[in-house]
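K.L.:
Data: data.tsv, TSV, C-alpha atoms.
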```tsv
chain	number	residue	atom	x	y	z
A	1	MET	CA	-33.26	150.63	-25.32
A	2	THR	CA	-33.66	147.42	-27.32
A	3	ARG	CA	-31.83	144.15	-26.80
A	4	SER	CA	-29.97	144.49	-30.12
A	5	ARG	CA	-28.42	147.83	-29.10
A	6	ILE	CA	-27.14	146.30	-25.86
A	7	ALA	CA	-25.71	143.21	-27.54
A	8	ARG	CA	-23.96	145.12	-30.38
A	9	PRO	CA	-21.00	146.46	-28.25
A	10	ILE	CA	-20.59	143.02	-26.71
A	11	ARG	CA	-20.34	141.36	-30.13
A	12	GLN	CA	-17.81	143.95	-31.29
A	13	ALA	CA	-15.66	143.31	-28.21
A	14	LEU	CA	-15.83	139.56	-28.68
A	15	SER	CA	-15.02	139.80	-32.38
A	16	ARG	CA	-11.60	141.44	-31.67
A	17	PRO	CA	-8.60	139.06	-31.59
A	18	LEU	CA	-7.35	138.36	-28.09
A	19	ILE	CA	-3.80	137.52	-29.19
A	20	GLN	CA	-1.74	140.65	-29.77
A	21	GLN	CA	1.30	140.86	-31.96
A	22	PRO	CA	4.56	140.59	-29.93
A	23	ARG	CA	6.59	143.72	-29.45
A	24	HIS	CA	9.74	142.31	-30.98
A	25	ALA	CA	7.89	141.90	-34.27
A	26	ILE	CA	7.59	145.67	-34.76
A	27	ALA	CA	11.03	146.51	-33.31
A	28	PRO	CA	12.82	146.66	-36.73
A	29	PHE	CA	10.17	149.03	-38.02
A	30	VAL	CA	10.49	151.33	-34.97
A	31	SER	CA	14.29	151.38	-35.18
A	32	ALA	CA	14.17	152.13	-38.89
A	33	ARG	CA	11.64	154.90	-38.27
A	34	SER	CA	13.77	156.45	-35.54
A	35	GLN	CA	16.86	156.42	-37.73
A	36	ALA	CA	14.91	157.98	-40.59
A	37	SER	CA	13.56	160.71	-38.30
A	38	LEU	CA	17.09	161.63	-37.23
A	39	ALA	CA	18.44	161.68	-40.76
A	40	ASP	CA	19.04	164.93	-42.54
A	41	PRO	CA	16.09	165.78	-44.85
A	42	ASN	CA	18.53	166.95	-47.53
A	43	SER	CA	20.30	163.58	-47.57
A	44	GLU	CA	17.71	161.99	-49.91
A	45	SER	CA	19.09	163.84	-52.91
A	46	GLN	CA	22.67	162.74	-52.10
A	47	SER	CA	24.00	159.33	-52.96
A	48	GLY	CA	25.12	156.96	-50.22
A	49	PRO	CA	23.78	155.99	-46.81
A	50	PRO	CA	21.91	158.64	-44.76
A	51	GLN	CA	23.94	160.57	-42.19
A	52	LEU	CA	22.71	161.48	-38.71
A	53	VAL	CA	22.31	165.10	-37.71
A	54	ASN	CA	24.50	164.65	-34.63
A	55	GLU	CA	27.50	163.62	-36.70
A	56	LEU	CA	28.01	166.97	-38.43
A	57	PRO	CA	27.31	170.46	-36.98
A	58	ASP	CA	24.52	172.53	-38.39
A	59	PRO	CA	26.02	175.17	-40.74
A	60	ARG	CA	23.53	177.72	-39.42
A	61	GLU	CA	25.01	177.39	-35.90
A	62	GLU	CA	28.65	177.75	-36.94
A	63	ASN	CA	28.50	181.56	-37.01
A	64	GLU	CA	26.66	181.85	-33.69
A	65	VAL	CA	28.60	182.94	-30.61
A	66	ARG	CA	28.95	180.19	-28.01
A	67	LEU	CA	28.44	181.18	-24.39
A	68	PRO	CA	31.44	180.79	-22.04
A	69	ARG	CA	31.62	177.75	-19.83
A	70	ALA	CA	31.04	179.86	-16.71
A	71	VAL	CA	27.78	181.20	-18.18
A	72	GLN	CA	26.65	177.76	-19.32
A	73	ALA	CA	27.25	176.44	-15.79
A	74	LEU	CA	24.58	178.80	-14.45
A	75	TYR	CA	21.92	176.65	-16.11
A	76	LEU	CA	23.25	173.45	-14.48
A	77	GLN	CA	23.59	172.18	-10.93
A	78	PRO	CA	26.49	173.72	-8.95
A	79	LEU	CA	29.75	171.80	-9.05
A	80	ARG	CA	31.18	170.35	-5.85
A	81	ARG	CA	34.60	169.46	-4.48
A	82	GLU	CA	35.29	166.09	-2.89
A	83	ALA	CA	36.37	165.98	0.76
A	84	GLU	CA	39.49	163.97	1.50
A	85	TYR	CA	39.08	163.49	5.27
A	86	GLY	CA	35.53	164.67	5.94
A	87	VAL	CA	36.39	166.85	8.95
A	88	PRO	CA	33.72	169.56	9.40
A	89	SER	CA	35.02	173.14	9.33
A	90	CYS	CA	31.86	175.27	9.17
A	91	ASP	CA	28.10	174.85	9.47
A	92	LEU	CA	26.20	177.65	7.74
A	93	GLN	CA	22.51	177.91	8.53
A	94	LEU	CA	20.36	180.02	6.22
A	95	ARG	CA	16.90	181.25	7.26
A	96	SER	CA	14.17	182.95	5.31
A	97	TYR	CA	10.41	183.31	5.04
A	98	SER	CA	10.53	182.89	1.25
A	99	ILE	CA	11.50	179.55	-0.28
A	100	PRO	CA	12.61	180.90	-3.74
A	101	ASN	CA	14.99	183.40	-2.13
A	102	LEU	CA	16.36	180.71	0.16
A	103	GLU	CA	16.98	178.23	-2.67
A	104	PHE	CA	18.60	180.92	-4.81
A	105	PHE	CA	21.07	181.94	-2.10
A	106	CYS	CA	21.89	178.29	-1.31
A	107	ASP	CA	22.82	177.80	-4.96
A	108	PHE	CA	24.95	180.97	-4.83
A	109	ALA	CA	26.76	179.79	-1.67
A	110	LEU	CA	27.55	176.39	-3.19
A	111	ARG	CA	28.99	177.95	-6.34
A	112	ALA	CA	31.13	180.35	-4.29
A	113	ALA	CA	32.45	177.43	-2.22
A	114	TYR	CA	33.40	175.52	-5.38
A	115	TYR	CA	35.48	178.36	-6.80
A	116	LEU	CA	37.21	178.79	-3.41
A	117	ASN	CA	38.14	175.08	-3.46
A	118	LEU	CA	35.95	174.26	-0.45
A	119	PRO	CA	34.10	170.91	-0.28
A	120	ALA	CA	30.48	171.90	0.42
A	121	PHE	CA	27.63	169.55	1.29
A	122	GLY	CA	23.94	170.42	1.25
A	123	PRO	CA	21.66	172.22	1.33
A	124	VAL	CA	20.00	170.04	3.97
A	125	PRO	CA	16.43	171.10	4.84
A	126	LEU	CA	15.99	171.66	8.58
A	127	PRO	CA	12.69	171.60	10.48
A	128	LYS	CA	10.66	174.73	9.90
A	129	ILE	CA	9.82	177.12	12.73
A	130	THR	CA	6.12	177.97	13.00
A	131	GLU	CA	5.01	180.94	15.11
A	132	ARG	CA	1.40	182.02	15.70
A	133	TRP	CA	-0.11	185.07	17.38
A	134	THR	CA	-3.67	185.93	18.29
A	135	VAL	CA	-4.43	189.66	18.39
A	136	PRO	CA	-7.78	191.30	19.32
A	137	ARG	CA	-9.25	193.29	16.48
A	138	SER	CA	-10.89	195.75	18.80
A	139	HIS	CA	-11.28	196.53	22.50
A	140	PHE	CA	-13.92	196.65	25.22
A	141	ILE	CA	-17.03	194.70	24.26
A	142	PHE	CA	-15.55	193.68	20.88
A	143	LYS	CA	-12.70	191.73	22.46
A	144	LYS	CA	-14.08	188.41	21.22
A	145	SER	CA	-13.34	189.49	17.65
A	146	GLN	CA	-9.75	188.28	17.26
A	147	GLU	CA	-7.38	187.70	14.39
A	148	ASN	CA	-4.69	185.00	14.01
A	149	PHE	CA	-1.27	185.52	12.39
A	150	GLU	CA	1.22	182.87	11.40
A	151	ARG	CA	4.87	183.07	10.40
A	152	ILE	CA	6.84	180.10	9.05
A	153	THR	CA	10.66	180.23	8.95
A	154	ARG	CA	12.39	177.94	6.44
A	155	ARG	CA	15.93	176.78	7.14
A	156	ARG	CA	18.75	175.16	5.15
A	157	LEU	CA	22.12	173.84	6.30
A	158	ILE	CA	25.36	173.93	4.27
A	159	GLN	CA	28.43	172.21	5.71
A	160	ILE	CA	32.05	172.86	4.73
A	161	ARG	CA	34.52	170.02	5.28
A	162	ASP	CA	38.32	169.98	5.14
A	163	GLY	CA	38.39	173.75	4.70
A	164	HIS	CA	41.21	176.04	5.76
A	165	PRO	CA	40.09	178.55	8.44
A	166	GLU	CA	41.21	181.56	6.41
A	167	THR	CA	39.44	180.29	3.28
A	168	VAL	CA	36.28	179.69	5.29
A	169	GLN	CA	36.43	183.26	6.63
A	170	ILE	CA	36.84	184.57	3.07
A	171	TRP	CA	33.82	182.51	1.98
A	172	LEU	CA	31.67	183.84	4.84
A	173	ALA	CA	32.79	187.43	4.20
A	174	TYR	CA	31.95	187.05	0.50
A	175	LEU	CA	28.46	185.78	1.33
A	176	GLN	CA	27.94	188.60	3.82
A	177	LYS	CA	29.06	191.17	1.26
A	178	HIS	CA	26.66	189.86	-1.40
A	179	ALA	CA	23.83	188.97	0.99
A	180	TYR	CA	20.41	188.52	-0.58
A	181	TYR	CA	17.38	190.31	0.80
A	182	GLY	CA	15.25	188.35	3.25
A	183	ILE	CA	18.06	185.88	4.09
A	184	GLY	CA	19.51	185.43	7.57
A	185	MET	CA	22.80	183.63	8.20
A	186	LYS	CA	24.31	181.94	11.24
A	187	ALA	CA	27.68	180.16	11.06
A	188	ASN	CA	29.43	177.78	13.44
A	189	VAL	CA	33.16	177.62	12.66
A	190	TRP	CA	35.62	175.05	14.03
A	191	GLU	CA	39.36	175.66	14.10
A	192	PHE	CA	41.89	172.97	14.98
A	193	ALA	CA	45.12	173.97	16.76
A	194	SER	CA	48.33	172.09	17.42
A	195	LEU	CA	48.91	169.64	20.27
A	196	ASN	CA	50.96	172.19	22.29
A	197	PRO	CA	48.69	175.21	22.74
A	198	GLY	CA	50.71	176.48	25.72
A	199	GLU	CA	53.78	177.28	23.64
A	200	GLN	CA	51.66	179.09	21.08
A	201	LEU	CA	50.00	181.20	23.80
A	202	ASP	CA	53.38	182.12	25.30
A	203	ALA	CA	54.62	183.27	21.91
A	204	GLU	CA	51.50	185.36	21.34
A	205	SER	CA	51.56	186.88	24.84
A	206	LYS	CA	54.60	189.05	24.01
A	207	SER	CA	52.96	190.61	20.99
A	208	LEU	CA	49.74	191.13	22.94
A	209	GLN	CA	51.66	192.81	25.76
A	210	GLU	CA	53.21	195.29	23.34
A	211	ILE	CA	49.80	196.14	21.94
A	212	VAL	CA	48.37	196.67	25.44
A	213	GLU	CA	51.28	198.92	26.45
A	214	GLN	CA	50.74	201.10	23.39
A	215	LYS	CA	47.09	201.44	24.30
A	216	LEU	CA	47.83	202.32	27.94
A	217	GLU	CA	50.42	205.01	27.16
A	218	ASN	CA	47.73	207.61	26.53
A	219	PHE	CA	45.24	206.20	29.04
A	220	GLY	CA	43.61	208.96	31.15
A	221	ARG	CA	45.07	211.83	29.11
A	222	ASP	CA	43.25	214.44	27.14
A	223	LYS	CA	43.32	214.37	23.36
A	224	THR	CA	44.71	217.95	23.29
A	225	MET	CA	48.30	216.88	23.97
A	226	GLY	CA	49.65	218.27	20.75
A	227	THR	CA	48.22	221.79	21.12
A	228	VAL	CA	51.40	223.19	22.77
A	229	GLU	CA	53.61	221.88	19.99
A	230	LYS	CA	51.26	223.28	17.36
A	231	VAL	CA	51.34	226.72	19.02
A	232	LYS	CA	55.16	226.71	19.01
A	233	GLU	CA	55.22	225.78	15.33
A	234	LEU	CA	52.76	228.57	14.56
A	235	LEU	CA	54.85	231.16	16.42
A	236	ALA	CA	58.03	230.02	14.67
A	237	SER	CA	56.49	230.06	11.21
A	238	GLU	CA	57.43	232.77	8.69
A	239	ARG	CA	53.83	233.67	8.08
A	240	PHE	CA	53.41	234.70	11.73
A	241	ARG	CA	56.61	236.73	11.67
A	242	HIS	CA	55.47	238.85	8.72
A	243	THR	CA	52.26	239.72	10.51
A	244	LYS	CA	54.10	241.51	13.36
```
Using structure tokens, write down the structure that the file contains.
P.N.:
Amino acid sequence: MTRSRIARPIRQALSRPLIQQPRHAIAPFVSARSQASLADPNSESQSGPPQLVNELPDPREENEVRLPRAVQALYLQPLRREAEYGVPSCDLQLRSYSIPNLEFFCDFALRAAYYLNLPAFGPVPLPKITERWTVPRSHFIFKKSQENFERITRRRLIQIRDGHPETVQIWLAYLQKHAYYGIGMKANVWEFASLNPGEQLDAESKSLQEIVEQKLENFGRDKTMGTVEKVKELLASERFRHTK
């Protein structure tokens, strides 16, 4: 390679101007170009200033059917209620071996909590559980040939705050009814009672005693108690009389 070929790129680099044009000098041109790109292409034939596309709806979209708000919300993040006091009512822990299934069911649980007027927080990722096993592939002299297996459990936590106990039970029952495959659930529920639990227990003891007495009435008896009465009804029936 000759000396002229080496020096040519250096001369070209040195011949370029080192002072660049400031950005604010081309700002009017960029703003004008952006406004022109947003303008309606058919506005050139009309008189007057150009109109933006966002100002008027597209006539081609006027006859299209708009999706309901509930369907449009499926493509957005789930809505959430705000907690007034922040008192925890339920901790729902979701477990799965598959991350997509786990994230899908977390989204479903948050949307169900919103429509039941429950302030939900999460999902909070919990530490994963890693389990490993080593199993021999064969026996006897081939025992050294072993195989390793691994299973990773992913977990998420959803917390309900300021929720009524009955509403929380409805929420958990709804999730259990529409459970997704490969998802395990474990819930810790807190219920807050009044300051005088003794009076409440005394009032409930009477109703519990009546229920226990009804259960103990037939304790130790056979289930064939009504056979004698059925035989008497059969003998006194007209159908039995005509058969004599």
K.L.:
Just how far from atom CA of A:Pro119 is atom CA of A:Pro78, in Å to one decimal?
P.N.:
11.9 Å
K.L.:
Have a look at atom CA of A:Trp171 and atom CA of A:Val71 and let me know their distance in Å, one decimal.
P.N.:
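Between atom CA of A:Trp171 and atom CA of A:Val71 the gap works out to 21.1 Å.
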K.L.:
Just checking: using only C-alpha atoms, which residue out of A:Gln159, A:Ser237, A:Thr153, A:Thr167 ends up closest to A:Ser98?
P.N.:
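Ranked by minimum distance to A:Ser98, first place goes to A:Thr153.
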K.L.:
Counting all atoms listed in the file, which residues of stretch 85-119 of chain A fall within 9 Å of stretch 179-199 of chain A, and what is the closest atom pair for each with its distance in Å at one decimal, ordered by chain and rising number, as JSON lines?
P.N.:
```
{"residue": "A:Pro88", "atom": "CA", "partner": "A:Trp190", "partner_atom": "CA", "distance": 7.4}
{"residue": "A:Ser89", "atom": "CA", "partner": "A:Trp190", "partner_atom": "CA", "distance": 5.1}
{"residue": "A:Cys90", "atom": "CA", "partner": "A:Val189", "partner_atom": "CA", "distance": 4.4}
{"residue": "A:Asp91", "atom": "CA", "partner": "A:Asn188", "partner_atom": "CA", "distance": 5.1}
{"residue": "A:Leu92", "atom": "CA", "partner": "A:Ala187", "partner_atom": "CA", "distance": 4.4}
{"residue": "A:Gln93", "atom": "CA", "partner": "A:Lys186", "partner_atom": "CA", "distance": 5.2}
{"residue": "A:Leu94", "atom": "CA", "partner": "A:Met185", "partner_atom": "CA", "distance": 4.8}
{"residue": "A:Arg95", "atom": "CA", "partner": "A:Gly184", "partner_atom": "CA", "distance": 4.9}
{"residue": "A:Ser96", "atom": "CA", "partner": "A:Ile183", "partner_atom": "CA", "distance": 5.0}
{"residue": "A:Tyr97", "atom": "CA", "partner": "A:Gly182", "partner_atom": "CA", "distance": 7.2}
{"residue": "A:Ser98", "atom": "CA", "partner": "A:Gly182", "partner_atom": "CA", "distance": 7.5}
{"residue": "A:Asn101", "atom": "CA", "partner": "A:Gly182", "partner_atom": "CA", "distance": 7.3}
{"residue": "A:Leu102", "atom": "CA", "partner": "A:Ile183", "partner_atom": "CA", "distance": 6.7}
{"residue": "A:Phe104", "atom": "CA", "partner": "A:Tyr180", "partner_atom": "CA", "distance": 8.9}
{"residue": "A:Phe105", "atom": "CA", "partner": "A:Tyr180", "partner_atom": "CA", "distance": 6.8}
```
K.L.:
Rounded to one decimal, what separation in Å do you get between atom CA of A:Ala113 and atom CA of A:Ile152?
P.N.:
28.1 Å
K.L.:
Would you list the contacts of A:Tyr114 as a short mmCIF file (atom, residue, chain, number, x, y, z; two decimals) with C-alpha atoms, keeping the file's coordinate frame, taking every protein, DNA or RNA residue within 9 Å and counting all atoms listed in the file, but skipping same-chain residues closer than 3 positions in sequence?
P.N.:
```
data_model
loop_
_atom_site.label_atom_id
_atom_site.label_comp_id
_atom_site.auth_asym_id
_atom_site.auth_seq_id
_atom_site.Cartn_x
_atom_site.Cartn_y
_atom_site.Cartn_z
CA PRO A 78 26.49 173.72 -8.95
CA LEU A 79 29.75 171.80 -9.05
CA ARG A 80 31.18 170.35 -5.85
CA ARG A 81 34.60 169.46 -4.48
CA ALA A 109 26.76 179.79 -1.67
CA LEU A 110 27.55 176.39 -3.19
CA ARG A 111 28.99 177.95 -6.34
CA ASN A 117 38.14 175.08 -3.46
CA LEU A 118 35.95 174.26 -0.45
CA PRO A 119 34.10 170.91 -0.28
CA ALA A 120 30.48 171.90 0.42
#
```
